[in-house]
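Novice: Quick one, work-v7.cif (mmCIF, C-alpha atoms):
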data_query
#
loop_
_atom_site.label_atom_id
_atom_site.label_comp_id
_atom_site.auth_asym_id
_atom_site.auth_seq_id
_atom_site.Cartn_x
_atom_site.Cartn_y
_atom_site.Cartn_z
CA MET G 463 -46.31 29.30 -14.14
CA ARG G 464 -45.95 25.98 -12.31
CA GLU G 465 -48.40 25.63 -9.46
CA GLY G 466 -47.04 25.10 -5.97
CA ASN G 467 -43.33 25.68 -6.55
CA LEU G 468 -42.91 29.30 -5.51
CA GLU G 469 -41.55 28.27 -2.11
CA ALA G 470 -38.06 27.08 -1.22
CA PRO G 471 -37.50 23.33 -1.71
CA THR G 472 -38.60 21.20 1.22
CA ARG G 473 -37.49 17.71 2.15
CA HIS G 474 -39.63 14.79 3.24
CA ALA G 475 -38.36 12.37 5.86
CA ILE G 476 -36.59 9.27 4.52
CA ALA G 477 -38.83 6.24 5.16
CA TRP G 478 -35.86 3.88 5.42
CA LYS G 479 -37.38 1.85 8.29
CA ASP G 480 -40.46 0.95 6.22
CA PRO G 481 -40.06 -2.48 4.54
CA ALA G 482 -41.68 -0.99 1.41
CA PHE G 483 -38.63 1.26 1.05
CA TYR G 484 -36.67 -1.84 -0.05
CA ASP G 485 -39.28 -3.11 -2.53
CA GLU G 486 -37.27 -3.15 -5.75
CA ALA G 487 -40.29 -3.26 -8.09
CA ALA G 488 -41.86 -0.26 -6.35
CA ALA G 489 -38.53 1.60 -6.47
CA PHE G 490 -38.21 0.90 -10.21
CA LYS G 491 -41.74 2.19 -10.74
CA GLU G 492 -40.89 5.43 -8.95
CA MET G 493 -37.62 5.72 -10.87
CA GLU G 494 -39.53 5.39 -14.16
CA ARG G 495 -41.84 8.21 -13.08
CA VAL G 496 -38.98 10.47 -12.01
CA PHE G 497 -36.77 9.60 -14.98
CA ASP G 498 -39.62 10.51 -17.33
CA ILE G 499 -39.87 13.96 -15.72
CA CYS G 500 -36.08 14.41 -15.88
CA HIS G 501 -36.05 13.33 -19.54
CA GLY G 502 -38.62 15.99 -20.37
CA CYS G 503 -36.66 18.70 -18.55
CA ARG G 504 -32.90 17.94 -18.88
CA ARG G 505 -31.81 20.97 -16.85
CA CYS G 506 -29.40 18.84 -14.81
CA VAL G 507 -27.44 17.40 -17.73
CA SER G 508 -24.23 19.21 -16.77
CA LEU G 509 -24.19 18.30 -13.08
CA CYS G 510 -22.90 14.72 -12.99
CA GLN G 511 -22.79 11.56 -15.09
CA SER G 512 -26.16 10.22 -13.88
CA PHE G 513 -28.13 12.52 -16.15
CA PRO G 514 -26.12 12.05 -19.38
CA ASN G 515 -26.35 8.28 -18.80
CA LEU G 516 -30.12 8.53 -18.33
CA PHE G 517 -30.68 10.68 -21.40
CA ASP G 518 -28.44 8.47 -23.56
CA LEU G 519 -30.45 5.41 -22.48
CA VAL G 520 -33.71 7.16 -23.36
CA ASP G 521 -32.43 8.47 -26.69
CA ALA G 522 -31.32 4.96 -27.67
CA THR G 523 -34.85 3.53 -27.38
CA GLY G 524 -37.10 3.06 -30.36
CA ASP G 525 -39.49 5.90 -29.54
CA GLY G 526 -37.21 8.03 -27.35
CA GLU G 527 -39.24 7.47 -24.19
CA VAL G 528 -38.33 6.20 -20.72
CA HIS G 529 -40.64 3.17 -20.83
CA GLY G 530 -38.33 1.66 -23.43
CA VAL G 531 -35.32 1.62 -21.11
CA ALA G 532 -34.59 -1.77 -19.55
CA LYS G 533 -34.95 -1.70 -15.76
CA ALA G 534 -31.53 -3.36 -15.39
CA ASP G 535 -30.03 -0.28 -17.04
CA TYR G 536 -31.40 1.96 -14.30
CA TRP G 537 -28.33 1.02 -12.27
CA LYS G 538 -26.19 2.87 -14.82
CA VAL G 539 -27.90 6.01 -13.53
CA VAL G 540 -27.90 5.07 -9.85
CA ASP G 541 -24.23 4.14 -9.71
CA GLN G 542 -23.17 7.53 -11.04
CA CYS G 543 -25.03 9.49 -8.34
CA TYR G 544 -22.80 10.56 -5.46
CA LEU G 545 -25.54 12.38 -3.52
CA CYS G 546 -24.11 15.87 -4.02
CA ASP G 547 -27.71 17.19 -3.78
CA LEU G 548 -27.11 19.93 -6.34
CA CYS G 549 -29.91 18.78 -8.64
CA TYR G 550 -32.39 19.00 -5.78
CA MET G 551 -31.16 22.26 -4.27
CA THR G 552 -30.09 24.31 -7.28
CA LYS G 553 -31.66 23.02 -10.50
CA CYS G 554 -34.86 21.01 -10.19
CA PRO G 555 -38.13 22.95 -10.61
CA TYR G 556 -40.24 19.98 -9.48
CA THR G 557 -39.09 19.51 -5.88
CA PRO G 558 -41.66 19.62 -3.06
CA PRO G 559 -43.94 21.48 -2.54
CA HIS G 560 -44.48 21.03 -6.29
CA PRO G 561 -47.15 18.30 -6.70
CA TRP G 562 -44.77 16.16 -8.77
CA ASN G 563 -42.74 15.75 -5.56
CA LEU G 564 -39.39 14.95 -7.19
CA ASP G 565 -36.38 14.16 -4.99
CA PHE G 566 -33.79 12.62 -7.29
CA PRO G 567 -30.93 12.21 -4.75
CA HIS G 568 -33.07 10.47 -2.15
CA LEU G 569 -34.55 8.20 -4.81
CA MET G 570 -31.00 7.26 -5.75
CA LEU G 571 -30.29 6.71 -2.05
CA ARG G 572 -33.24 4.32 -1.90
CA ALA G 573 -31.86 2.39 -4.87
CA LYS G 574 -28.40 2.25 -3.29
CA ALA G 575 -29.94 0.95 -0.06
CA ILE G 576 -31.73 -1.79 -2.01
CA LYS G 577 -28.50 -2.74 -3.73
CA PHE G 578 -26.68 -2.88 -0.39
CA LYS G 579 -29.42 -5.04 1.18
CA LYS G 580 -29.12 -7.45 -1.75
CA GLY G 581 -25.41 -7.91 -0.99
CA GLU G 582 -24.31 -6.43 -4.30
CA VAL G 583 -21.81 -3.90 -2.87
CA LYS G 584 -18.21 -5.11 -3.12
CA GLY G 585 -15.94 -5.55 -0.13
CA GLY G 586 -13.48 -2.95 -1.40
CA GLU G 587 -16.21 -0.32 -1.52
CA LYS G 588 -17.25 -1.20 2.03
CA PHE G 589 -13.66 -0.83 3.23
CA LEU G 590 -13.22 2.55 1.54
CA ALA G 591 -16.35 3.77 3.33
CA SER G 592 -15.05 2.56 6.71
CA THR G 593 -13.04 5.67 7.57
CA ASP G 594 -12.87 4.80 11.27
CA VAL G 595 -11.25 1.48 10.36
CA HIS G 596 -8.44 2.55 8.03
CA GLY G 597 -7.83 5.64 10.15
CA GLN G 598 -6.83 3.56 13.16
CA PHE G 599 -3.21 3.45 12.02
CA ALA G 600 -2.98 7.25 12.19
CA GLY G 601 -0.93 8.56 15.10
CA ILE G 602 1.52 5.65 15.22
CA PRO G 603 4.59 7.33 13.63
CA ILE G 604 6.58 4.29 12.53
CA VAL G 605 3.51 2.55 11.12
CA VAL G 606 2.29 5.75 9.45
CA GLN G 607 5.62 6.39 7.76
CA ALA G 608 5.74 2.83 6.47
CA VAL G 609 2.11 2.81 5.27
CA ASN G 610 2.41 6.21 3.56
CA ALA G 611 5.67 5.23 1.86
CA VAL G 612 4.31 1.90 0.63
CA ASN G 613 1.05 3.44 -0.59
CA ARG G 614 3.00 5.76 -2.90
CA THR G 615 4.65 2.89 -4.76
CA LYS G 616 3.36 1.63 -8.11
CA PHE G 617 3.17 -1.91 -6.76
CA ALA G 618 0.96 -0.91 -3.83
CA ARG G 619 -1.30 1.19 -6.03
CA LYS G 620 -1.69 -1.74 -8.42
CA GLN G 621 -2.68 -3.95 -5.48
CA MET G 622 -5.13 -1.32 -4.24
CA ASP G 623 -6.64 -1.27 -7.71
CA THR G 624 -7.02 -5.05 -7.75
CA LEU G 625 -8.21 -5.56 -4.17
CA LEU G 626 -10.05 -2.33 -3.33
CA GLY G 627 -10.94 -0.84 -6.69
CA VAL G 628 -8.85 2.30 -6.10
CA HIS G 629 -7.64 3.86 -9.34
CA PRO G 630 -3.81 3.88 -9.55
CA ASP G 631 -3.75 7.55 -10.56
CA ALA G 632 -6.24 8.88 -8.02
CA TRP G 633 -5.01 11.15 -5.25
CA MET G 634 -5.20 9.45 -1.85
CA PRO G 635 -4.70 11.12 1.53
CA GLY G 636 -1.81 10.07 3.73
CA LEU G 637 -2.17 9.18 7.40
CA ALA G 638 -1.12 11.74 10.01
CA THR G 639 1.70 10.97 12.43
CA GLN G 640 -0.37 12.49 15.24
CA ARG G 641 -4.13 12.54 15.36
CA PHE G 642 -5.86 15.90 15.78
CA ARG G 643 -7.74 14.75 18.86
CA TRP G 644 -4.49 13.69 20.54
CA GLY G 645 -2.60 16.90 19.85
CA ALA G 646 -5.28 19.59 20.16
CA VAL G 647 -4.17 22.55 22.29
CA LYS G 648 -6.38 23.19 25.29
CA SER G 649 -8.62 26.24 25.03
CA PRO G 650 -7.27 29.29 26.83
CA SER G 651 -9.26 30.60 29.78
CA THR G 652 -11.77 32.98 28.21
CA VAL G 653 -15.02 34.58 29.27
CA VAL G 654 -17.99 33.19 27.35
CA THR G 655 -19.46 36.03 25.29
CA ASN G 656 -22.74 35.11 23.65
CA GLY G 657 -24.00 37.05 20.67
CA GLN G 658 -27.48 37.40 19.26
CA ARG G 659 -26.63 34.94 16.48
CA THR G 660 -23.88 32.91 18.10
CA PRO G 661 -23.26 30.90 21.25
CA GLY G 662 -20.02 32.10 22.83
CA LYS G 663 -18.49 28.66 23.24
CA VAL G 664 -17.72 25.96 20.70
CA ALA G 665 -17.53 22.16 20.64
CA ILE G 666 -15.38 20.71 17.84
CA PHE G 667 -16.48 17.55 16.01
CA ALA G 668 -13.09 16.59 14.58
CA THR G 669 -14.27 14.45 11.60
CA CYS G 670 -12.37 11.37 10.44
CA TYR G 671 -10.46 13.30 7.78
CA VAL G 672 -9.16 16.03 10.06
CA ASN G 673 -8.43 13.59 12.87
CA TYR G 674 -6.62 10.96 10.81
CA ASN G 675 -5.36 12.71 7.67
CA GLU G 676 -4.94 16.49 7.93
CA PRO G 677 -4.96 17.53 11.58
CA GLY G 678 -3.45 20.90 10.66
CA ILE G 679 -6.88 22.03 9.47
CA GLY G 680 -8.31 21.38 12.92
CA HIS G 681 -5.40 23.07 14.69
CA ASP G 682 -5.86 26.15 12.51
CA LEU G 683 -9.54 26.27 13.46
CA LEU G 684 -8.57 26.19 17.13
CA LYS G 685 -6.12 29.04 16.57
CA LEU G 686 -8.84 31.16 14.97
CA LEU G 687 -11.16 30.51 17.91
CA ALA G 688 -8.48 31.28 20.48
CA HIS G 689 -7.46 34.49 18.67
CA ASN G 690 -11.10 35.61 18.79
CA ASP G 691 -11.45 34.77 22.50
CA ILE G 692 -13.93 31.96 21.87
CA PRO G 693 -13.55 29.07 24.35
CA TYR G 694 -13.74 25.61 22.84
CA VAL G 695 -13.71 21.93 23.70
CA ILE G 696 -13.11 18.84 21.60
CA VAL G 697 -16.13 16.54 21.88
CA ASP G 698 -15.53 13.73 24.38
CA LYS G 699 -15.67 10.97 21.78
CA GLU G 700 -16.85 10.54 18.22
CA LYS G 701 -17.34 8.10 15.39
CA CYS G 702 -17.57 8.80 11.68
CA CYS G 703 -20.55 11.03 10.85
CA GLY G 704 -21.86 8.28 8.56
CA MET G 705 -21.73 10.10 5.23
CA PRO G 706 -19.49 7.48 3.52
CA LYS G 707 -21.92 4.76 4.60
CA LEU G 708 -24.87 6.83 3.39
CA GLU G 709 -23.29 7.18 -0.05
CA LEU G 710 -22.93 3.39 -0.10
CA GLY G 711 -26.57 2.78 0.88
CA ASP G 712 -25.59 1.11 4.17
CA LEU G 713 -28.30 2.78 6.24
CA ASP G 714 -28.01 0.38 9.18
CA ALA G 715 -24.37 1.45 9.58
CA VAL G 716 -25.45 5.10 9.40
CA ALA G 717 -27.90 4.40 12.22
CA ALA G 718 -25.17 2.74 14.30
CA HIS G 719 -22.89 5.76 13.88
CA LYS G 720 -25.75 8.06 14.77
CA ALA G 721 -26.44 6.05 17.92
CA ALA G 722 -22.83 6.54 19.01
CA ASN G 723 -22.53 10.23 18.14
CA MET G 724 -25.87 11.79 18.89
CA PRO G 725 -26.06 11.41 22.68
CA VAL G 726 -22.58 12.92 22.98
CA LEU G 727 -23.25 15.85 20.65
CA ALA G 728 -26.73 16.50 22.06
CA LYS G 729 -25.16 17.05 25.47
CA TYR G 730 -23.10 19.93 24.06
CA ALA G 731 -26.05 21.34 22.14
CA LYS G 732 -28.22 21.38 25.27
CA GLU G 733 -25.40 23.06 27.23
CA GLY G 734 -25.37 25.97 24.79
CA TYR G 735 -22.37 25.12 22.62
CA ALA G 736 -22.12 25.77 18.92
CA ILE G 737 -20.90 22.55 17.30
CA LEU G 738 -18.39 23.05 14.47
CA SER G 739 -17.26 20.53 11.87
CA ALA G 740 -14.56 21.48 9.37
CA VAL G 741 -15.64 19.08 6.59
CA PRO G 742 -18.83 20.16 4.74
CA SER G 743 -20.09 16.61 4.17
CA CYS G 744 -19.95 15.89 7.90
CA THR G 745 -21.70 19.16 8.73
CA LEU G 746 -24.42 18.39 6.17
CA MET G 747 -24.91 14.94 7.65
CA PHE G 748 -25.92 16.44 11.00
CA LYS G 749 -27.83 19.34 9.48
CA GLN G 750 -29.85 17.41 6.89
CA GLU G 751 -29.48 13.67 6.36
CA LEU G 752 -29.69 12.42 9.94
CA PRO G 753 -32.64 14.70 10.78
CA LEU G 754 -34.43 13.32 7.71
CA MET G 755 -33.64 9.73 8.70
CA PHE G 756 -34.65 10.30 12.34
CA PRO G 757 -37.32 13.03 12.24
CA ASP G 758 -38.70 12.16 15.68
CA CYS G 759 -35.38 12.13 17.56
CA ALA G 760 -35.11 15.11 19.93
CA ASP G 761 -31.32 14.75 20.27
CA THR G 762 -30.90 14.84 16.49
CA ALA G 763 -33.06 17.97 16.28
CA ALA G 764 -31.02 19.67 19.02
CA VAL G 765 -27.73 18.86 17.26
CA LYS G 766 -29.12 20.11 13.94
CA GLU G 767 -29.86 23.51 15.49
CA ALA G 768 -26.43 23.72 17.14
CA MET G 769 -24.37 22.59 14.13
CA PHE G 770 -22.37 25.22 12.20
CA ASP G 771 -20.01 25.30 9.28
CA PRO G 772 -16.90 27.06 10.69
CA PHE G 773 -17.24 30.09 8.43
CA GLU G 774 -20.98 30.24 8.99
CA TYR G 775 -20.14 30.60 12.68
CA LEU G 776 -17.32 33.13 12.17
CA ILE G 777 -19.42 35.36 9.90
CA ALA G 778 -22.31 35.22 12.38
CA ARG G 779 -19.77 36.15 15.05
CA HIS G 780 -18.76 39.12 12.91
CA LYS G 781 -22.39 40.21 12.59
CA ASP G 782 -22.58 40.05 16.38
CA GLY G 783 -19.64 42.49 16.46
CA LEU G 784 -17.42 39.93 18.16
CA LEU G 785 -14.90 38.95 15.45
CA LYS G 786 -11.45 40.50 15.33
CA LEU G 787 -10.38 41.98 12.00
CA ASP G 788 -6.72 42.56 12.86
CA PHE G 789 -5.35 40.82 9.76
CA LYS G 790 -1.65 41.36 9.17
CA ALA G 791 -0.35 39.16 6.34
CA ALA G 792 -1.09 39.49 2.62
CA LEU G 793 -2.37 36.34 0.91
CA GLY G 794 -1.89 37.43 -2.71
CA LYS G 795 -4.05 35.65 -5.28
CA VAL G 796 -6.41 33.00 -3.95
CA SER G 797 -8.56 30.60 -5.97
CA TYR G 798 -11.30 29.28 -3.71
CA HIS G 799 -13.70 26.44 -4.55
CA ILE G 800 -17.15 26.11 -2.97
CA PRO G 801 -17.89 22.39 -2.53
CA CYS G 802 -21.32 20.91 -3.26
CA HIS G 803 -22.05 19.93 0.35
CA GLY G 804 -21.27 23.49 1.36
CA ARG G 805 -23.61 24.96 -1.22
CA VAL G 806 -26.59 22.80 -0.28
CA GLN G 807 -26.47 23.81 3.40
CA ASN G 808 -28.37 26.98 2.42
CA ILE G 809 -26.03 29.24 4.37
CA GLY G 810 -24.78 31.38 1.50
CA LYS G 811 -21.13 31.94 0.61
CA LYS G 812 -19.79 32.33 4.13
CA THR G 813 -16.19 31.38 3.36
CA GLU G 814 -16.14 33.88 0.51
CA GLU G 815 -17.57 36.53 2.86
CA MET G 816 -14.78 35.83 5.34
CA LEU G 817 -12.05 36.02 2.73
CA LYS G 818 -13.50 39.30 1.47
CA LEU G 819 -13.29 40.64 5.04
CA VAL G 820 -9.63 39.66 5.03
CA GLY G 821 -9.22 41.44 1.70
CA THR G 822 -10.39 44.74 3.19
CA LYS G 823 -7.39 44.71 5.56
CA VAL G 824 -4.55 43.03 3.66
CA GLU G 825 -3.75 42.28 0.03
CA LEU G 826 -5.97 39.52 -1.31
CA SER G 827 -7.26 38.89 -4.83
CA LEU G 828 -10.09 36.33 -4.69
CA ASN G 829 -11.29 34.03 -7.48
CA THR G 830 -14.34 32.02 -6.36
CA VAL G 831 -15.37 28.91 -8.29
CA GLU G 832 -18.86 27.51 -7.65
CA ARG G 833 -19.14 24.19 -9.44
CA CYS G 834 -18.73 20.50 -8.58
CA SER G 835 -15.09 19.37 -8.56
CA GLY G 836 -16.12 15.78 -9.27
CA HIS G 837 -14.33 14.27 -6.27
CA ALA G 838 -17.44 13.41 -4.25
CA GLY G 839 -15.96 11.23 -1.51
CA THR G 840 -14.98 7.75 -2.69
CA TYR G 841 -16.39 8.40 -6.18
CA GLY G 842 -13.25 10.30 -7.14
CA VAL G 843 -10.87 7.49 -6.21
CA LYS G 844 -12.69 4.37 -7.42
CA THR G 845 -11.29 2.72 -10.53
CA PRO G 846 -14.50 2.89 -12.64
CA THR G 847 -15.36 6.48 -11.69
CA HIS G 848 -12.05 8.31 -11.21
CA PRO G 849 -11.75 9.16 -14.94
CA VAL G 850 -15.35 10.45 -14.88
CA ALA G 851 -14.57 12.50 -11.77
CA MET G 852 -11.63 14.12 -13.57
CA LYS G 853 -13.88 14.86 -16.56
CA ILE G 854 -16.53 16.45 -14.35
CA GLY G 855 -13.88 18.58 -12.69
CA LYS G 856 -12.28 19.94 -15.89
CA PRO G 857 -14.19 23.27 -15.87
CA VAL G 858 -13.23 23.72 -12.21
CA PHE G 859 -9.56 22.93 -12.85
CA LYS G 860 -9.49 25.52 -15.62
CA ALA G 861 -11.32 28.17 -13.59
CA MET G 862 -9.13 27.64 -10.51
CA ALA G 863 -5.99 28.26 -12.59
CA LYS G 864 -7.17 31.76 -13.55
CA ASP G 865 -4.57 34.51 -12.96
CA ALA G 866 -1.91 32.09 -11.67
CA PRO G 867 -3.04 31.93 -8.02
CA ASP G 868 -0.65 31.81 -5.08
CA HIS G 869 -3.03 29.52 -3.17
CA ILE G 870 -5.82 27.14 -4.16
CA GLY G 871 -8.24 25.56 -1.74
CA SER G 872 -11.71 24.34 -0.92
CA ASP G 873 -13.74 23.94 2.25
CA CYS G 874 -13.63 20.25 1.31
CA PRO G 875 -9.94 19.33 1.65
CA MET G 876 -10.33 16.25 -0.54
CA ALA G 877 -11.84 18.36 -3.31
CA GLY G 878 -8.89 20.74 -2.94
CA HIS G 879 -6.37 17.97 -3.59
CA HIS G 880 -8.48 16.58 -6.44
CA ILE G 881 -8.46 20.05 -8.04
CA ALA G 882 -4.71 20.35 -7.59
CA GLN G 883 -4.25 16.99 -9.33
CA GLY G 884 -6.50 18.08 -12.19
CA MET G 885 -4.68 21.39 -12.59
CA GLN G 886 -1.34 19.61 -12.67
CA GLN G 887 -2.57 17.13 -15.29
CA ALA G 888 -3.77 20.08 -17.38
CA GLY G 889 -0.27 21.52 -17.34
CA THR G 890 -0.85 24.21 -14.72
CA PRO G 891 2.17 24.62 -12.42
CA ALA G 892 1.56 22.85 -9.11
CA LYS G 893 0.21 25.05 -6.32
CA ALA G 894 0.02 24.49 -2.60
CA VAL G 895 -3.42 23.34 -1.46
CA THR G 896 -4.35 25.60 1.45
CA HIS G 897 -7.59 25.16 3.36
CA PRO G 898 -9.52 28.43 3.84
CA LEU G 899 -9.19 28.05 7.63
CA SER G 900 -5.43 27.97 7.15
CA LEU G 901 -5.59 31.00 4.86
CA VAL G 902 -7.39 33.02 7.53
CA ARG G 903 -4.93 31.84 10.19
CA MET G 904 -2.09 33.01 7.93
CA ALA G 905 -3.83 36.35 7.37
CA TYR G 906 -4.05 36.89 11.12
CA GLY G 907 -0.29 36.32 11.28
CA LEU G 908 -0.70 33.34 13.63
CA GLU G 909 1.92 30.60 13.74
#
Using structure tokens, write down the structure that the file contains.
Specialist:
Amino acid sequence: MREGNLEAPTRHAIAWKDPAFYDEAAAFKEMERVFDICHGCRRCVSLCQSFPNLFDLVDATGDGEVHGVAKADYWKVVDQCYLCDLCYMTKCPYTPPHPWNLDFPHLMLRAKAIKFKKGEVKGGEKFLASTDVHGQFAGIPIVVQAVNAVNRTKFARKQMDTLLGVHPDAWMPGLATQRFRWGAVKSPSTVVTNGQRTPGKVAIFATCYVNYNEPGIGHDLLKLLAHNDIPYVIVDKEKCCGMPKLELGDLDAVAAHKAANMPVLAKYAKEGYAILSAVPSCTLMFKQELPLMFPDCADTAAVKEAMFDPFEYLIARHKDGLLKLDFKAALGKVSYHIPCHGRVQNIGKKTEEMLKLVGTKVELSLNTVERCSGHAGTYGVKTPTHPVAMKIGKPVFKAMAKDAPDHIGSDCPMAGHHIAQGMQQAGTPAKAVTHPLSLVRMAYGLE
């Protein structure tokens, strides 16, 4: 029995403000220690490409030990980590409070931050992570139509490959003709009904993706809230949650986004709102990464406590006896994917629970797939890593095609489209990608 690891994994604060955090020699020393433990364990070999790369490097040395791996080759491990957190939360037996104190994702984050500070991150990668910047064209119909049409051409995709490092075959989201925040329907007048587990009013953090790319997801969330007599507001203003910048190692940019968002969101938290975000990575940012980067910030702590995944909130509402179950429309066969940043929130399978509630009232056959799709933010679209992302996702593509589903979807809309692309490439007939929020809206019979 391993001493000290009978408790749930705990996370230490990220010491990103300490100059020693950016000491490359010290980081390499810690990586050698952690890589040696990983080499002796190898439980995470199937999760992503970081671990196969590490084990191949070790196996190629003269004595099969980590000390023989050149430090320059450590980047072959770092660059394949997309901070999904699955190794830490679901696989590793040596996480704190184990005395070996192993946190692989945050060690990779440290290495990425060092690389960014050294100026070794390309301009194309920085642009891809600037979701607020390339989303600014959304909502201008003529511009959107032109941009979307051009971006579908082979010439444009070749240019995106050359200039931005976007793989020509990777799925890319289009821009919306109207932003979610501009077109959101005002909440109907409703009495605030608090439950034991749930505040009776909701503030919506739109997210860049819902606001600029797929506003229908946000509108469907509002319809579910209105149908269940839950008053809501759209937060006064917002910037990107910072997750794309975190994945890049640009921690100063993460801090700038936090400085813009946190005072706004803390106001809602302190006024008794539940804060909902419909993209798991954004929700996780406020629940985990920002609290670990700013452990002494009271506003960040307040937002962490108020932040909910939409289905986490709806299921808690159900347990409070305040959720309507008047489902009317059959959904048929549904293949649902649980994304990594949903799994590591430690909330259980709330979307699956909701869909099973639907299935008790109307026809629904549910196939749940719990494995990484490989998309992982910008990782799935970059030229060097898109083929790897498709390889990682192959088991998911196959599992999602089981029993010829009528709908496929994921709480992460980008993962949903990535899965649809993988299924199509595998010869599975194309299926509509339907977000679980949209599935529940359909089941309620709402237009």
Novice: Once the PyMOL selection byres ((chain G and resi 524-530) around 7) has been evaluated on this model, what residues remain selected, and can you format them as a PyMOL selection string?
Specialist: chain G and resi 494+497-498+520-523+531-532
Novice: Would you please work out which residue, of G:Val654, G:Ala760, G:Leu625, G:Ile870, is nearest to G:Leu901 when using only C-alpha atoms?
Specialist: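 Ranked by minimum distance to G:Leu901, first place goes to G:Ile870.
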Novice: Residues near G:His568, anyone? I mean within 10 Å using all atoms listed in the file, not counting same-chain ones fewer than 5 positions away, as a PyMOL selection string.
Specialist: chain G and resi 473-476+545+547+550+573-574+751
Novice: Here's the selection I'm unsure about, the PyMOL selection byres ((chain G and resi 824) around 7); applied to the file above, which residues does it give, as an MDAnalysis selection string?
Specialist: chainID G and resid 789:792 820:823 825:826
Novice: I want to know what sits within 7 Å of G:Ser739, based on only C-alpha atoms, with residues of the same chain fewer than 6 positions away left out; could you give that as a tab-separated table (two decimals) with C-alpha atoms, in the coordinates of the input?
Specialist:
chain	number	residue	atom	x	y	z
G	666	ILE	CA	-15.38	20.71	17.84
G	667	PHE	CA	-16.48	17.55	16.01
G	668	ALA	CA	-13.09	16.59	14.58
G	669	THR	CA	-14.27	14.45	11.60
G	745	THR	CA	-21.70	19.16	8.73
G	770	PHE	CA	-22.37	25.22	12.20
G	771	ASP	CA	-20.01	25.30	9.28
G	772	PRO	CA	-16.90	27.06	10.69
Novice: Spell out the residues picked by the PyMOL selection byres ((chain G and resi 693-695) around 10) here, as an NGL selection string.
Specialist: :G and (646-655 or 662-667 or 684 or 687-692 or 696-698 or 730 or 735-738)
Novice: With all atoms listed in the file as the atoms that count, which of G:Ala763, G:Leu713, G:Leu784, G:Leu686 lies nearest to G:Leu908?
Specialist: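 Using all atoms listed in the file, the shortest distance to G:Leu908 belongs to G:Leu686.
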Novice: Provide the atom CA of G:Leu776 to atom CA of G:Gly804 distance in Å, to one decimal place.
Specialist: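 Taking atom CA of G:Leu776 as the start and atom CA of G:Gly804 as the end point, the length is 15.0 Å.
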Novice: Which polymer residues have any atom within 12 Å of an atom of G:Thr624, counting only C-alpha atoms, with same-chain residues fewer than 4 positions away left out, as an MDAnalysis selection string?
Specialist: chainID G and resid 585:586 617:620 628:630 844:846
Novice: In Å to one decimal, how far is atom CA of G:Asn808 from atom CA of G:Glu700?
Specialist: 25.5 Å
Novice: Between atom CA of G:Ser900 and atom CA of G:Gly597, measure the distance and give it in Å to one decimal.
Specialist: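 That distance, rounded to one decimal, is 22.7 Å.
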Novice: So, counting only C-alpha atoms, which residue among G:Glu815, G:Leu683, G:Met634, G:Cys802 is closest to G:Cys834?
Specialist: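 Closest to G:Cys834 of all the choices is G:Cys802.
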Novice: Name the closest residue to G:Thr593 among the candidates G:Lys533, G:Lys685, G:Lys616, G:Lys701; distances are taken between atoms, counting all atoms listed in the file.
Specialist: G:Lys701
Novice: Return the single residue from G:Met852, G:Met904, G:Ala888, G:Ala764 that is closest to G:His869, with distances computed using only C-alpha atoms.
Specialist: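 Once distances to G:His869 are computed over only C-alpha atoms, the minimum belongs to G:Met904.
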Novice: Nearest residue to G:Gln607 out of G:Gln640, G:Leu817, G:Ala477, G:His501, using all atoms listed in the file?
Specialist: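 Answer, going by the shortest atom-to-atom distance: G:Gln640.
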Novice: Kindly extract all protein, DNA and RNA residues lying within 10 Å of the coordinates (-24.5, 4.1, 8.5) given in the file, considering all atoms listed in the file, and supply them as a PyMOL selection string.
Specialist: chain G and resi 591-592+702-721+752
Novice: Within 8 Å of G:Lys766, counting all atoms listed in the file, which residues qualify if same-chain residues fewer than 5 places away don't, as a list of chain:residue names?
Specialist: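 Neighbouring residues, sequence-local ones excluded: G:Phe748, G:Lys749, G:Gln750, G:Pro753.
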Novice: Edge lengths and centre, in Å to one decimal, as lines of an AutoDock Vina configuration file: that's what I need for the box along x, y and z that holds all listed atoms of stretch 599-615 of chain G plus 5 Å on each side.
Specialist:
center_x = 1.7
center_y = 5.2
center_z = 5.2
size_x = 19.8
size_y = 16.7
size_z = 30.0
Novice: Any idea what's packed within 7 Å of G:Asp761, counting all atoms listed in the file, ignoring anything in its chain fewer than 3 positions away? Could you give it as a list in words?
Specialist: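 So, after excluding close chain neighbours, the residues are Met724, Pro725, Ala728, Ala764 and Val765 of chain G.
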